[in-house]
>>> print(open('query06.cif').read())   # mmCIF, N, CA and C atoms
data_input
#
loop_
_atom_site.label_atom_id
_atom_site.label_comp_id
_atom_site.auth_asym_id
_atom_site.auth_seq_id
_atom_site.Cartn_x
_atom_site.Cartn_y
_atom_site.Cartn_z
N MET B 1 -34.34 -126.15 -162.96
CA MET B 1 -35.48 -126.13 -163.85
C MET B 1 -35.30 -125.11 -164.96
N GLY B 2 -34.12 -125.08 -165.54
CA GLY B 2 -33.87 -124.16 -166.63
C GLY B 2 -34.60 -124.59 -167.89
N MET B 3 -34.69 -123.67 -168.83
CA MET B 3 -35.34 -123.99 -170.09
C MET B 3 -34.45 -124.90 -170.91
N LYS B 4 -35.09 -125.84 -171.60
CA LYS B 4 -34.35 -126.74 -172.48
C LYS B 4 -34.72 -126.40 -173.92
N PHE B 5 -33.71 -126.25 -174.74
CA PHE B 5 -33.93 -125.96 -176.15
C PHE B 5 -33.41 -127.12 -176.98
N GLY B 6 -34.21 -127.55 -177.94
CA GLY B 6 -33.77 -128.57 -178.87
C GLY B 6 -32.90 -127.93 -179.95
N LEU B 7 -32.23 -128.76 -180.73
CA LEU B 7 -31.36 -128.27 -181.80
C LEU B 7 -32.13 -127.42 -182.80
N GLY B 8 -33.36 -127.84 -183.13
CA GLY B 8 -34.17 -127.07 -184.08
C GLY B 8 -34.46 -125.67 -183.57
N THR B 9 -34.75 -125.55 -182.29
CA THR B 9 -35.03 -124.25 -181.69
C THR B 9 -33.79 -123.37 -181.72
N ILE B 10 -32.66 -123.95 -181.42
CA ILE B 10 -31.41 -123.19 -181.44
C ILE B 10 -31.09 -122.70 -182.85
N ILE B 11 -31.26 -123.57 -183.84
CA ILE B 11 -31.02 -123.18 -185.23
C ILE B 11 -31.95 -122.05 -185.63
N LEU B 12 -33.23 -122.15 -185.27
CA LEU B 12 -34.18 -121.08 -185.60
C LEU B 12 -33.81 -119.75 -184.93
N LEU B 13 -33.36 -119.82 -183.69
CA LEU B 13 -32.96 -118.60 -182.99
C LEU B 13 -31.74 -117.96 -183.64
N VAL B 14 -30.77 -118.77 -184.01
CA VAL B 14 -29.56 -118.23 -184.65
C VAL B 14 -29.89 -117.63 -186.00
N ILE B 15 -30.64 -118.36 -186.82
CA ILE B 15 -31.00 -117.84 -188.13
C ILE B 15 -31.88 -116.60 -187.98
N GLY B 16 -32.77 -116.62 -186.99
CA GLY B 16 -33.62 -115.46 -186.73
C GLY B 16 -32.82 -114.22 -186.37
N TYR B 17 -31.74 -114.42 -185.61
CA TYR B 17 -30.84 -113.30 -185.26
C TYR B 17 -30.26 -112.68 -186.53
N TYR B 18 -29.73 -113.52 -187.42
CA TYR B 18 -29.14 -113.00 -188.66
C TYR B 18 -30.19 -112.29 -189.50
N ILE B 19 -31.37 -112.88 -189.62
CA ILE B 19 -32.43 -112.28 -190.42
C ILE B 19 -32.83 -110.92 -189.86
N ALA B 20 -33.08 -110.85 -188.57
CA ALA B 20 -33.50 -109.59 -187.96
C ALA B 20 -32.42 -108.52 -188.10
N ALA B 21 -31.19 -108.86 -187.79
CA ALA B 21 -30.11 -107.87 -187.86
C ALA B 21 -29.91 -107.37 -189.28
N GLU B 22 -29.87 -108.29 -190.25
CA GLU B 22 -29.61 -107.87 -191.63
C GLU B 22 -30.78 -107.11 -192.23
N PHE B 23 -32.00 -107.51 -191.91
CA PHE B 23 -33.14 -106.81 -192.50
C PHE B 23 -33.36 -105.44 -191.86
N TYR B 24 -33.33 -105.38 -190.53
CA TYR B 24 -33.64 -104.12 -189.86
C TYR B 24 -32.45 -103.17 -189.76
N LEU B 25 -31.23 -103.72 -189.67
CA LEU B 25 -30.04 -102.88 -189.51
C LEU B 25 -29.15 -102.86 -190.75
N GLY B 26 -29.39 -103.77 -191.69
CA GLY B 26 -28.57 -103.86 -192.88
C GLY B 26 -27.32 -104.72 -192.69
N ALA B 27 -27.07 -105.12 -191.44
CA ALA B 27 -25.87 -105.91 -191.15
C ALA B 27 -25.96 -106.45 -189.72
N THR B 28 -25.25 -107.52 -189.48
CA THR B 28 -25.08 -108.00 -188.11
C THR B 28 -24.07 -107.09 -187.43
N PRO B 29 -24.00 -107.11 -186.10
CA PRO B 29 -22.97 -106.30 -185.43
C PRO B 29 -21.56 -106.60 -185.93
N GLY B 30 -21.26 -107.85 -186.24
CA GLY B 30 -19.93 -108.20 -186.76
C GLY B 30 -19.66 -107.56 -188.12
N LYS B 31 -20.65 -107.60 -189.00
CA LYS B 31 -20.49 -106.94 -190.31
C LYS B 31 -20.32 -105.43 -190.12
N LYS B 32 -21.16 -104.85 -189.26
CA LYS B 32 -21.04 -103.40 -189.01
C LYS B 32 -19.64 -103.05 -188.50
N ALA B 33 -19.12 -103.85 -187.59
CA ALA B 33 -17.78 -103.60 -187.03
C ALA B 33 -16.71 -103.67 -188.12
N MET B 34 -16.94 -104.49 -189.14
CA MET B 34 -15.99 -104.63 -190.24
C MET B 34 -16.28 -103.64 -191.37
N GLY B 35 -17.29 -102.77 -191.19
CA GLY B 35 -17.63 -101.79 -192.21
C GLY B 35 -18.34 -102.39 -193.41
N LEU B 36 -19.14 -103.43 -193.18
CA LEU B 36 -19.84 -104.12 -194.26
C LEU B 36 -21.35 -104.05 -194.07
N LYS B 37 -22.09 -104.30 -195.15
CA LYS B 37 -23.54 -104.40 -195.09
C LYS B 37 -24.03 -105.34 -196.18
N VAL B 38 -25.27 -105.80 -196.02
CA VAL B 38 -25.90 -106.69 -197.00
C VAL B 38 -26.80 -105.84 -197.88
N VAL B 39 -26.69 -106.04 -199.20
CA VAL B 39 -27.53 -105.31 -200.15
C VAL B 39 -28.10 -106.28 -201.17
N SER B 40 -29.18 -105.87 -201.79
CA SER B 40 -29.76 -106.63 -202.89
C SER B 40 -29.00 -106.29 -204.17
N ASP B 41 -28.87 -107.25 -205.05
CA ASP B 41 -28.21 -106.99 -206.33
C ASP B 41 -29.12 -106.22 -207.29
N SER B 42 -30.42 -106.12 -206.94
CA SER B 42 -31.36 -105.49 -207.87
C SER B 42 -32.45 -104.73 -207.14
N GLY B 43 -32.10 -103.68 -206.45
CA GLY B 43 -33.12 -102.87 -205.79
C GLY B 43 -33.06 -102.98 -204.28
N PRO B 44 -34.16 -102.63 -203.63
CA PRO B 44 -34.20 -102.66 -202.17
C PRO B 44 -34.06 -104.08 -201.63
N LEU B 45 -33.43 -104.20 -200.49
CA LEU B 45 -33.28 -105.49 -199.82
C LEU B 45 -34.63 -105.91 -199.28
N THR B 46 -35.09 -107.10 -199.65
CA THR B 46 -36.40 -107.59 -199.20
C THR B 46 -36.23 -108.61 -198.08
N ILE B 47 -37.28 -108.76 -197.29
CA ILE B 47 -37.25 -109.75 -196.23
C ILE B 47 -37.10 -111.15 -196.81
N GLY B 48 -37.69 -111.40 -197.98
CA GLY B 48 -37.57 -112.71 -198.62
C GLY B 48 -36.13 -113.04 -198.97
N ALA B 49 -35.40 -112.06 -199.50
CA ALA B 49 -34.00 -112.28 -199.84
C ALA B 49 -33.16 -112.53 -198.60
N VAL B 50 -33.44 -111.78 -197.54
CA VAL B 50 -32.68 -111.95 -196.29
C VAL B 50 -32.96 -113.33 -195.69
N ILE B 51 -34.23 -113.74 -195.70
CA ILE B 51 -34.57 -115.08 -195.18
C ILE B 51 -33.87 -116.14 -196.00
N LEU B 52 -33.94 -116.05 -197.33
CA LEU B 52 -33.33 -117.05 -198.20
C LEU B 52 -31.83 -117.15 -197.99
N ARG B 53 -31.12 -116.02 -197.97
CA ARG B 53 -29.66 -116.06 -197.81
C ARG B 53 -29.26 -116.66 -196.47
N ASN B 54 -30.09 -116.45 -195.46
CA ASN B 54 -29.74 -116.96 -194.14
C ASN B 54 -30.17 -118.41 -193.91
N VAL B 55 -31.28 -118.83 -194.49
CA VAL B 55 -31.65 -120.25 -194.41
C VAL B 55 -30.58 -121.08 -195.13
N LEU B 56 -30.04 -120.55 -196.21
CA LEU B 56 -29.01 -121.28 -196.95
C LEU B 56 -27.65 -121.29 -196.25
N ARG B 57 -27.54 -120.62 -195.11
CA ARG B 57 -26.34 -120.75 -194.28
C ARG B 57 -26.13 -122.21 -193.89
N ILE B 58 -27.24 -122.93 -193.76
CA ILE B 58 -27.17 -124.35 -193.41
C ILE B 58 -26.39 -125.10 -194.48
N VAL B 59 -26.65 -124.82 -195.75
CA VAL B 59 -25.93 -125.47 -196.86
C VAL B 59 -24.49 -124.95 -196.90
N ASP B 60 -24.33 -123.65 -196.81
CA ASP B 60 -22.98 -123.07 -196.84
C ASP B 60 -22.11 -123.61 -195.71
N GLY B 61 -22.74 -123.94 -194.59
CA GLY B 61 -22.00 -124.43 -193.43
C GLY B 61 -21.58 -125.88 -193.50
N LEU B 62 -22.02 -126.59 -194.51
CA LEU B 62 -21.67 -128.02 -194.63
C LEU B 62 -20.25 -128.20 -195.10
N PRO B 63 -19.61 -129.30 -194.91
CA PRO B 63 -19.96 -130.29 -193.89
C PRO B 63 -19.59 -129.78 -192.50
N ILE B 64 -18.58 -128.93 -192.41
CA ILE B 64 -18.20 -128.28 -191.14
C ILE B 64 -17.55 -126.94 -191.47
N PHE B 65 -17.61 -126.03 -190.54
CA PHE B 65 -16.88 -124.75 -190.61
C PHE B 65 -17.09 -123.99 -191.93
N TYR B 66 -18.31 -124.00 -192.45
CA TYR B 66 -18.64 -123.25 -193.67
C TYR B 66 -17.76 -123.64 -194.86
N LEU B 67 -17.42 -124.90 -194.96
CA LEU B 67 -16.54 -125.35 -196.03
C LEU B 67 -17.16 -125.16 -197.41
N VAL B 68 -18.44 -125.50 -197.58
CA VAL B 68 -19.11 -125.33 -198.87
C VAL B 68 -19.13 -123.85 -199.25
N GLY B 69 -19.52 -123.00 -198.32
CA GLY B 69 -19.56 -121.56 -198.59
C GLY B 69 -18.18 -121.00 -198.91
N PHE B 70 -17.17 -121.46 -198.19
CA PHE B 70 -15.81 -120.99 -198.43
C PHE B 70 -15.33 -121.38 -199.83
N ILE B 71 -15.55 -122.63 -200.21
CA ILE B 71 -15.11 -123.10 -201.53
C ILE B 71 -15.87 -122.35 -202.62
N CYS B 72 -17.16 -122.20 -202.44
CA CYS B 72 -17.97 -121.47 -203.43
C CYS B 72 -17.45 -120.05 -203.60
N ALA B 73 -17.23 -119.34 -202.51
CA ALA B 73 -16.74 -117.96 -202.57
C ALA B 73 -15.33 -117.89 -203.15
N ALA B 74 -14.51 -118.89 -202.86
CA ALA B 74 -13.12 -118.89 -203.33
C ALA B 74 -13.02 -119.06 -204.84
N VAL B 75 -13.96 -119.79 -205.44
CA VAL B 75 -13.86 -120.06 -206.88
C VAL B 75 -14.66 -119.08 -207.73
N ARG B 76 -15.45 -118.25 -207.12
CA ARG B 76 -16.26 -117.28 -207.88
C ARG B 76 -15.57 -115.92 -207.91
N PRO B 77 -15.59 -115.26 -209.04
CA PRO B 77 -14.96 -113.93 -209.12
C PRO B 77 -15.66 -112.89 -208.23
N ASP B 78 -16.95 -113.09 -207.94
CA ASP B 78 -17.66 -112.13 -207.08
C ASP B 78 -17.62 -112.54 -205.61
N ASN B 79 -16.94 -113.64 -205.29
CA ASN B 79 -16.74 -114.12 -203.92
C ASN B 79 -18.04 -114.36 -203.15
N LYS B 80 -19.08 -114.78 -203.84
CA LYS B 80 -20.36 -115.02 -203.19
C LYS B 80 -20.49 -116.46 -202.72
N ARG B 81 -21.13 -116.64 -201.56
CA ARG B 81 -21.48 -117.97 -201.09
C ARG B 81 -22.84 -118.34 -201.69
N ILE B 82 -23.25 -119.57 -201.51
CA ILE B 82 -24.49 -120.05 -202.12
C ILE B 82 -25.69 -119.20 -201.70
N GLY B 83 -25.78 -118.85 -200.43
CA GLY B 83 -26.90 -118.04 -199.96
C GLY B 83 -27.02 -116.72 -200.70
N ASP B 84 -25.92 -116.06 -200.97
CA ASP B 84 -25.95 -114.79 -201.70
C ASP B 84 -26.26 -114.99 -203.18
N ILE B 85 -25.80 -116.08 -203.76
CA ILE B 85 -26.08 -116.35 -205.17
C ILE B 85 -27.58 -116.55 -205.37
N VAL B 86 -28.17 -117.42 -204.56
CA VAL B 86 -29.59 -117.74 -204.69
C VAL B 86 -30.47 -116.55 -204.33
N ALA B 87 -30.13 -115.83 -203.29
CA ALA B 87 -30.93 -114.68 -202.85
C ALA B 87 -30.67 -113.41 -203.65
N LYS B 88 -29.66 -113.46 -204.51
CA LYS B 88 -29.27 -112.28 -205.31
C LYS B 88 -28.93 -111.09 -204.39
N THR B 89 -28.04 -111.38 -203.43
CA THR B 89 -27.57 -110.36 -202.50
C THR B 89 -26.05 -110.33 -202.51
N SER B 90 -25.50 -109.27 -201.95
CA SER B 90 -24.06 -109.13 -201.84
C SER B 90 -23.71 -108.51 -200.49
N VAL B 91 -22.53 -108.78 -200.02
CA VAL B 91 -21.99 -108.12 -198.84
C VAL B 91 -20.96 -107.13 -199.36
N VAL B 92 -21.19 -105.85 -199.07
CA VAL B 92 -20.36 -104.77 -199.62
C VAL B 92 -19.88 -103.84 -198.52
N ALA B 93 -18.94 -102.98 -198.86
CA ALA B 93 -18.48 -101.95 -197.91
C ALA B 93 -19.65 -101.01 -197.61
N ALA B 94 -19.81 -100.69 -196.35
CA ALA B 94 -20.93 -99.82 -195.94
C ALA B 94 -20.69 -98.38 -196.34
#
>>> encode(input="query06.cif", output="structure tokens")
Amino acid sequence: MGMKFGLGTIILLVIGYYIAAEFYLGATPGKKAMGLKVVSDSGPLTIGAVILRNVLRIVDGLPIFYLVGFICAAVRPDNKRIGDIVAKTSVVAA
């Protein structure tokens, strides 16, 4: 009688993890381990920007293995994925 989670619930939990870690800690544990953090391009990092950049992970992740995000970052001089472009955020050295 274990709990059953639908795909929508799992997606919300995963995105919620990224949002909470980046907003409250400035980075996920993986980013912290790599010496990186998320910052706003124009002032303090807002919860709205963090939510936007992480909801757009869905687009960046299309069609598989973050292909859209990878191509976007590869062709831009600032190496930003769509989520960072729209949210006006950057991942920088901590």
>>> residues_near_point(input="query06.cif", point="(-19.5, -104.5, -197.1)", cutoff="7 Å", atoms="only N, CA and C atoms", output="list in words")
Met34, Gly35, Leu36, Lys37, Val38, Ser90, Val91, Val92, Ala93 and Ala94 of chain B
>>> write_last_selection(input="query06.cif", atoms="N, CA and C atoms", output="PDB file, in the frame of the given file")
ATOM      1  N   MET B  34     -16.940-104.490-189.140  1.00  0.00           N
ATOM      2  CA  MET B  34     -15.990-104.630-190.240  1.00  0.00           C
ATOM      3  C   MET B  34     -16.280-103.640-191.370  1.00  0.00           C
ATOM      4  N   GLY B  35     -17.290-102.770-191.190  1.00  0.00           N
ATOM      5  CA  GLY B  35     -17.630-101.790-192.210  1.00  0.00           C
ATOM      6  C   GLY B  35     -18.340-102.390-193.410  1.00  0.00           C
ATOM      7  N   LEU B  36     -19.140-103.430-193.180  1.00  0.00           N
ATOM      8  CA  LEU B  36     -19.840-104.120-194.260  1.00  0.00           C
ATOM      9  C   LEU B  36     -21.350-104.050-194.070  1.00  0.00           C
ATOM     10  N   LYS B  37     -22.090-104.300-195.150  1.00  0.00           N
ATOM     11  CA  LYS B  37     -23.540-104.400-195.090  1.00  0.00           C
ATOM     12  C   LYS B  37     -24.030-105.340-196.180  1.00  0.00           C
ATOM     13  N   VAL B  38     -25.270-105.800-196.020  1.00  0.00           N
ATOM     14  CA  VAL B  38     -25.900-106.690-197.000  1.00  0.00           C
ATOM     15  C   VAL B  38     -26.800-105.840-197.880  1.00  0.00           C
ATOM     16  N   SER B  90     -25.500-109.270-201.950  1.00  0.00           N
ATOM     17  CA  SER B  90     -24.060-109.130-201.840  1.00  0.00           C
ATOM     18  C   SER B  90     -23.710-108.510-200.490  1.00  0.00           C
ATOM     19  N   VAL B  91     -22.530-108.780-200.020  1.00  0.00           N
ATOM     20  CA  VAL B  91     -21.990-108.120-198.840  1.00  0.00           C
ATOM     21  C   VAL B  91     -20.960-107.130-199.360  1.00  0.00           C
ATOM     22  N   VAL B  92     -21.190-105.850-199.070  1.00  0.00           N
ATOM     23  CA  VAL B  92     -20.360-104.770-199.620  1.00  0.00           C
ATOM     24  C   VAL B  92     -19.880-103.840-198.520  1.00  0.00           C
ATOM     25  N   ALA B  93     -18.940-102.980-198.860  1.00  0.00           N
ATOM     26  CA  ALA B  93     -18.480-101.950-197.910  1.00  0.00           C
ATOM     27  C   ALA B  93     -19.650-101.010-197.610  1.00  0.00           C
ATOM     28  N   ALA B  94     -19.810-100.690-196.350  1.00  0.00           N
ATOM     29  CA  ALA B  94     -20.930 -99.820-195.940  1.00  0.00           C
ATOM     30  C   ALA B  94     -20.690 -98.380-196.340  1.00  0.00           C
TER      31      ALA B  94
END
>>> resolve_selection(input="query06.cif", expression="the PyMOL selection byres (((chain B and resi 56 and name CA) around 12) and name CA)", output="JSON, numbers by chain")
{"B": [15, 18, 19, 49, 50, 51, 52, 53, 54, 55, 57, 58, 59, 60, 61, 62, 66, 68, 69, 81, 82, 83, 84, 85, 86, 87]}
>>> write_last_selection(input="query06.cif", atoms="N, CA and C atoms", output="mmCIF file, in the frame of the given file")
data_model
loop_
_atom_site.group_PDB
_atom_site.id
_atom_site.type_symbol
_atom_site.label_atom_id
_atom_site.label_comp_id
_atom_site.auth_asym_id
_atom_site.auth_seq_id
_atom_site.Cartn_x
_atom_site.Cartn_y
_atom_site.Cartn_z
ATOM 1 N N ILE B 15 -30.640 -118.360 -186.820
ATOM 2 C CA ILE B 15 -31.000 -117.840 -188.130
ATOM 3 C C ILE B 15 -31.880 -116.600 -187.980
ATOM 4 N N TYR B 18 -29.730 -113.520 -187.420
ATOM 5 C CA TYR B 18 -29.140 -113.000 -188.660
ATOM 6 C C TYR B 18 -30.190 -112.290 -189.500
ATOM 7 N N ILE B 19 -31.370 -112.880 -189.620
ATOM 8 C CA ILE B 19 -32.430 -112.280 -190.420
ATOM 9 C C ILE B 19 -32.830 -110.920 -189.860
ATOM 10 N N ALA B 49 -35.400 -112.060 -199.500
ATOM 11 C CA ALA B 49 -34.000 -112.280 -199.840
ATOM 12 C C ALA B 49 -33.160 -112.530 -198.600
ATOM 13 N N VAL B 50 -33.440 -111.780 -197.540
ATOM 14 C CA VAL B 50 -32.680 -111.950 -196.290
ATOM 15 C C VAL B 50 -32.960 -113.330 -195.690
ATOM 16 N N ILE B 51 -34.230 -113.740 -195.700
ATOM 17 C CA ILE B 51 -34.570 -115.080 -195.180
ATOM 18 C C ILE B 51 -33.870 -116.140 -196.000
ATOM 19 N N LEU B 52 -33.940 -116.050 -197.330
ATOM 20 C CA LEU B 52 -33.330 -117.050 -198.200
ATOM 21 C C LEU B 52 -31.830 -117.150 -197.990
ATOM 22 N N ARG B 53 -31.120 -116.020 -197.970
ATOM 23 C CA ARG B 53 -29.660 -116.060 -197.810
ATOM 24 C C ARG B 53 -29.260 -116.660 -196.470
ATOM 25 N N ASN B 54 -30.090 -116.450 -195.460
ATOM 26 C CA ASN B 54 -29.740 -116.960 -194.140
ATOM 27 C C ASN B 54 -30.170 -118.410 -193.910
ATOM 28 N N VAL B 55 -31.280 -118.830 -194.490
ATOM 29 C CA VAL B 55 -31.650 -120.250 -194.410
ATOM 30 C C VAL B 55 -30.580 -121.080 -195.130
ATOM 31 N N ARG B 57 -27.540 -120.620 -195.110
ATOM 32 C CA ARG B 57 -26.340 -120.750 -194.280
ATOM 33 C C ARG B 57 -26.130 -122.210 -193.890
ATOM 34 N N ILE B 58 -27.240 -122.930 -193.760
ATOM 35 C CA ILE B 58 -27.170 -124.350 -193.410
ATOM 36 C C ILE B 58 -26.390 -125.100 -194.480
ATOM 37 N N VAL B 59 -26.650 -124.820 -195.750
ATOM 38 C CA VAL B 59 -25.930 -125.470 -196.860
ATOM 39 C C VAL B 59 -24.490 -124.950 -196.900
ATOM 40 N N ASP B 60 -24.330 -123.650 -196.810
ATOM 41 C CA ASP B 60 -22.980 -123.070 -196.840
ATOM 42 C C ASP B 60 -22.110 -123.610 -195.710
ATOM 43 N N GLY B 61 -22.740 -123.940 -194.590
ATOM 44 C CA GLY B 61 -22.000 -124.430 -193.430
ATOM 45 C C GLY B 61 -21.580 -125.880 -193.500
ATOM 46 N N LEU B 62 -22.020 -126.590 -194.510
ATOM 47 C CA LEU B 62 -21.670 -128.020 -194.630
ATOM 48 C C LEU B 62 -20.250 -128.200 -195.100
ATOM 49 N N TYR B 66 -18.310 -124.000 -192.450
ATOM 50 C CA TYR B 66 -18.640 -123.250 -193.670
ATOM 51 C C TYR B 66 -17.760 -123.640 -194.860
ATOM 52 N N VAL B 68 -18.440 -125.500 -197.580
ATOM 53 C CA VAL B 68 -19.110 -125.330 -198.870
ATOM 54 C C VAL B 68 -19.130 -123.850 -199.250
ATOM 55 N N GLY B 69 -19.520 -123.000 -198.320
ATOM 56 C CA GLY B 69 -19.560 -121.560 -198.590
ATOM 57 C C GLY B 69 -18.180 -121.000 -198.910
ATOM 58 N N ARG B 81 -21.130 -116.640 -201.560
ATOM 59 C CA ARG B 81 -21.480 -117.970 -201.090
ATOM 60 C C ARG B 81 -22.840 -118.340 -201.690
ATOM 61 N N ILE B 82 -23.250 -119.570 -201.510
ATOM 62 C CA ILE B 82 -24.490 -120.050 -202.120
ATOM 63 C C ILE B 82 -25.690 -119.200 -201.700
ATOM 64 N N GLY B 83 -25.780 -118.850 -200.430
ATOM 65 C CA GLY B 83 -26.900 -118.040 -199.960
ATOM 66 C C GLY B 83 -27.020 -116.720 -200.700
ATOM 67 N N ASP B 84 -25.920 -116.060 -200.970
ATOM 68 C CA ASP B 84 -25.950 -114.790 -201.700
ATOM 69 C C ASP B 84 -26.260 -114.990 -203.180
ATOM 70 N N ILE B 85 -25.800 -116.080 -203.760
ATOM 71 C CA ILE B 85 -26.080 -116.350 -205.170
ATOM 72 C C ILE B 85 -27.580 -116.550 -205.370
ATOM 73 N N VAL B 86 -28.170 -117.420 -204.560
ATOM 74 C CA VAL B 86 -29.590 -117.740 -204.690
ATOM 75 C C VAL B 86 -30.470 -116.550 -204.330
ATOM 76 N N ALA B 87 -30.130 -115.830 -203.290
ATOM 77 C CA ALA B 87 -30.930 -114.680 -202.850
ATOM 78 C C ALA B 87 -30.670 -113.410 -203.650
#
>>> atom_distance(input="query06.cif", atom1="atom C of Met3 (chain B)", atom2="CA of Ala21 (chain B)")
24.4 Å
>>> atom_distance(input="query06.cif", atom1="CA of Ala27 (chain B)", atom2="atom N of Val39 (chain B)")
8.1 Å
>>> axis_aligned_box(input="query06.cif", around="region 40-58 of chain B", padding_each_side="4 Å", output="AutoDock Vina command-line options")
--center_x -31.9 --center_y -113.9 --center_z -200.6 --size_x 19.6 --size_y 30.5 --size_z 22.5
>>> closest_residue(input="query06.cif", among="B:Pro63, B:Asp41, B:Leu25, B:Ile47", to="Lys88 (chain B)", atoms="all atoms listed in the file")
B:Asp41
>>> atom_distance(input="query06.cif", atom1="CA of Gly16 (chain B)", atom2="CA of Ile71 (chain B)")
24.9 Å
>>> select_by_dssp(input="query06.cif", residues="chain B", states="helix (DSSP H, G or I)", output="ChimeraX atom specification")
/B:7-25,29-33,47-55,57-60,67-75,82-87
>>> select_by_dssp(input="query06.cif", residues="region 30-94 of chain B", states="strand (DSSP E)", output="VMD selection string")
chain B and resid 36 to 40 89 to 93
>>> write_last_selection(input="query06.cif", atoms="N, CA and C atoms", output="CSV table (one decimal), in the frame of the given file")
chain,number,residue,atom,x,y,z
B,36,LEU,N,-19.1,-103.4,-193.2
B,36,LEU,CA,-19.8,-104.1,-194.3
B,36,LEU,C,-21.4,-104.0,-194.1
B,37,LYS,N,-22.1,-104.3,-195.2
B,37,LYS,CA,-23.5,-104.4,-195.1
B,37,LYS,C,-24.0,-105.3,-196.2
B,38,VAL,N,-25.3,-105.8,-196.0
B,38,VAL,CA,-25.9,-106.7,-197.0
B,38,VAL,C,-26.8,-105.8,-197.9
B,39,VAL,N,-26.7,-106.0,-199.2
B,39,VAL,CA,-27.5,-105.3,-200.2
B,39,VAL,C,-28.1,-106.3,-201.2
B,40,SER,N,-29.2,-105.9,-201.8
B,40,SER,CA,-29.8,-106.6,-202.9
B,40,SER,C,-29.0,-106.3,-204.2
B,89,THR,N,-28.0,-111.4,-203.4
B,89,THR,CA,-27.6,-110.4,-202.5
B,89,THR,C,-26.0,-110.3,-202.5
B,90,SER,N,-25.5,-109.3,-202.0
B,90,SER,CA,-24.1,-109.1,-201.8
B,90,SER,C,-23.7,-108.5,-200.5
B,91,VAL,N,-22.5,-108.8,-200.0
B,91,VAL,CA,-22.0,-108.1,-198.8
B,91,VAL,C,-21.0,-107.1,-199.4
B,92,VAL,N,-21.2,-105.8,-199.1
B,92,VAL,CA,-20.4,-104.8,-199.6
B,92,VAL,C,-19.9,-103.8,-198.5
B,93,ALA,N,-18.9,-103.0,-198.9
B,93,ALA,CA,-18.5,-102.0,-197.9
B,93,ALA,C,-19.6,-101.0,-197.6
>>> closest_residue(input="query06.cif", among="B:Lys31, B:Cys72, B:Ile11, B:Phe23", to="Thr46 (chain B)", atoms="only N, CA and C atoms")
B:Phe23
>>> decode(input="query06.cif", residues="region 46-57 of chain B", atoms="N, CA, C and O atoms", output="PDB file, in the first residue's frame")
ATOM      1  N   THR B  46      15.023  36.938  -7.356  1.00  0.00           N
ATOM      2  CA  THR B  46      13.644  36.894  -6.869  1.00  0.00           C
ATOM      3  C   THR B  46      13.069  35.491  -7.008  1.00  0.00           C
ATOM      4  O   THR B  46      13.516  34.701  -7.848  1.00  0.00           O
ATOM      5  N   ILE B  47      12.054  35.205  -6.204  1.00  0.00           N
ATOM      6  CA  ILE B  47      11.396  33.914  -6.296  1.00  0.00           C
ATOM      7  C   ILE B  47      10.748  33.753  -7.673  1.00  0.00           C
ATOM      8  O   ILE B  47      10.743  32.661  -8.239  1.00  0.00           O
ATOM      9  N   GLY B  48      10.244  34.840  -8.244  1.00  0.00           N
ATOM     10  CA  GLY B  48       9.634  34.775  -9.577  1.00  0.00           C
ATOM     11  C   GLY B  48      10.631  34.337 -10.633  1.00  0.00           C
ATOM     12  O   GLY B  48      10.318  33.507 -11.498  1.00  0.00           O
ATOM     13  N   ALA B  49      11.842  34.878 -10.578  1.00  0.00           N
ATOM     14  CA  ALA B  49      12.878  34.506 -11.542  1.00  0.00           C
ATOM     15  C   ALA B  49      13.281  33.047 -11.374  1.00  0.00           C
ATOM     16  O   ALA B  49      13.467  32.327 -12.359  1.00  0.00           O
ATOM     17  N   VAL B  50      13.393  32.605 -10.129  1.00  0.00           N
ATOM     18  CA  VAL B  50      13.775  31.214  -9.869  1.00  0.00           C
ATOM     19  C   VAL B  50      12.682  30.263 -10.355  1.00  0.00           C
ATOM     20  O   VAL B  50      12.968  29.243 -10.981  1.00  0.00           O
ATOM     21  N   ILE B  51      11.423  30.607 -10.095  1.00  0.00           N
ATOM     22  CA  ILE B  51      10.315  29.769 -10.575  1.00  0.00           C
ATOM     23  C   ILE B  51      10.330  29.716 -12.094  1.00  0.00           C
ATOM     24  O   ILE B  51      10.237  28.639 -12.691  1.00  0.00           O
ATOM     25  N   LEU B  52      10.458  30.866 -12.755  1.00  0.00           N
ATOM     26  CA  LEU B  52      10.441  30.922 -14.216  1.00  0.00           C
ATOM     27  C   LEU B  52      11.571  30.101 -14.826  1.00  0.00           C
ATOM     28  O   LEU B  52      11.345  29.298 -15.736  1.00  0.00           O
ATOM     29  N   ARG B  53      12.807  30.269 -14.336  1.00  0.00           N
ATOM     30  CA  ARG B  53      13.936  29.529 -14.918  1.00  0.00           C
ATOM     31  C   ARG B  53      13.767  28.026 -14.742  1.00  0.00           C
ATOM     32  O   ARG B  53      14.175  27.249 -15.584  1.00  0.00           O
ATOM     33  N   ASN B  54      13.131  27.622 -13.655  1.00  0.00           N
ATOM     34  CA  ASN B  54      12.975  26.193 -13.409  1.00  0.00           C
ATOM     35  C   ASN B  54      11.761  25.586 -14.096  1.00  0.00           C
ATOM     36  O   ASN B  54      11.810  24.434 -14.504  1.00  0.00           O
ATOM     37  N   VAL B  55      10.682  26.324 -14.238  1.00  0.00           N
ATOM     38  CA  VAL B  55       9.539  25.820 -15.012  1.00  0.00           C
ATOM     39  C   VAL B  55       9.981  25.634 -16.465  1.00  0.00           C
ATOM     40  O   VAL B  55       9.581  24.670 -17.126  1.00  0.00           O
ATOM     41  N   LEU B  56      10.835  26.511 -16.955  1.00  0.00           N
ATOM     42  CA  LEU B  56      11.309  26.402 -18.334  1.00  0.00           C
ATOM     43  C   LEU B  56      12.322  25.276 -18.534  1.00  0.00           C
ATOM     44  O   LEU B  56      12.724  24.998 -19.663  1.00  0.00           O
ATOM     45  N   ARG B  57      12.690  24.584 -17.473  1.00  0.00           N
ATOM     46  CA  ARG B  57      13.498  23.359 -17.616  1.00  0.00           C
ATOM     47  C   ARG B  57      12.764  22.361 -18.500  1.00  0.00           C
ATOM     48  O   ARG B  57      13.384  21.558 -19.193  1.00  0.00           O
TER      49      ARG B  57
END
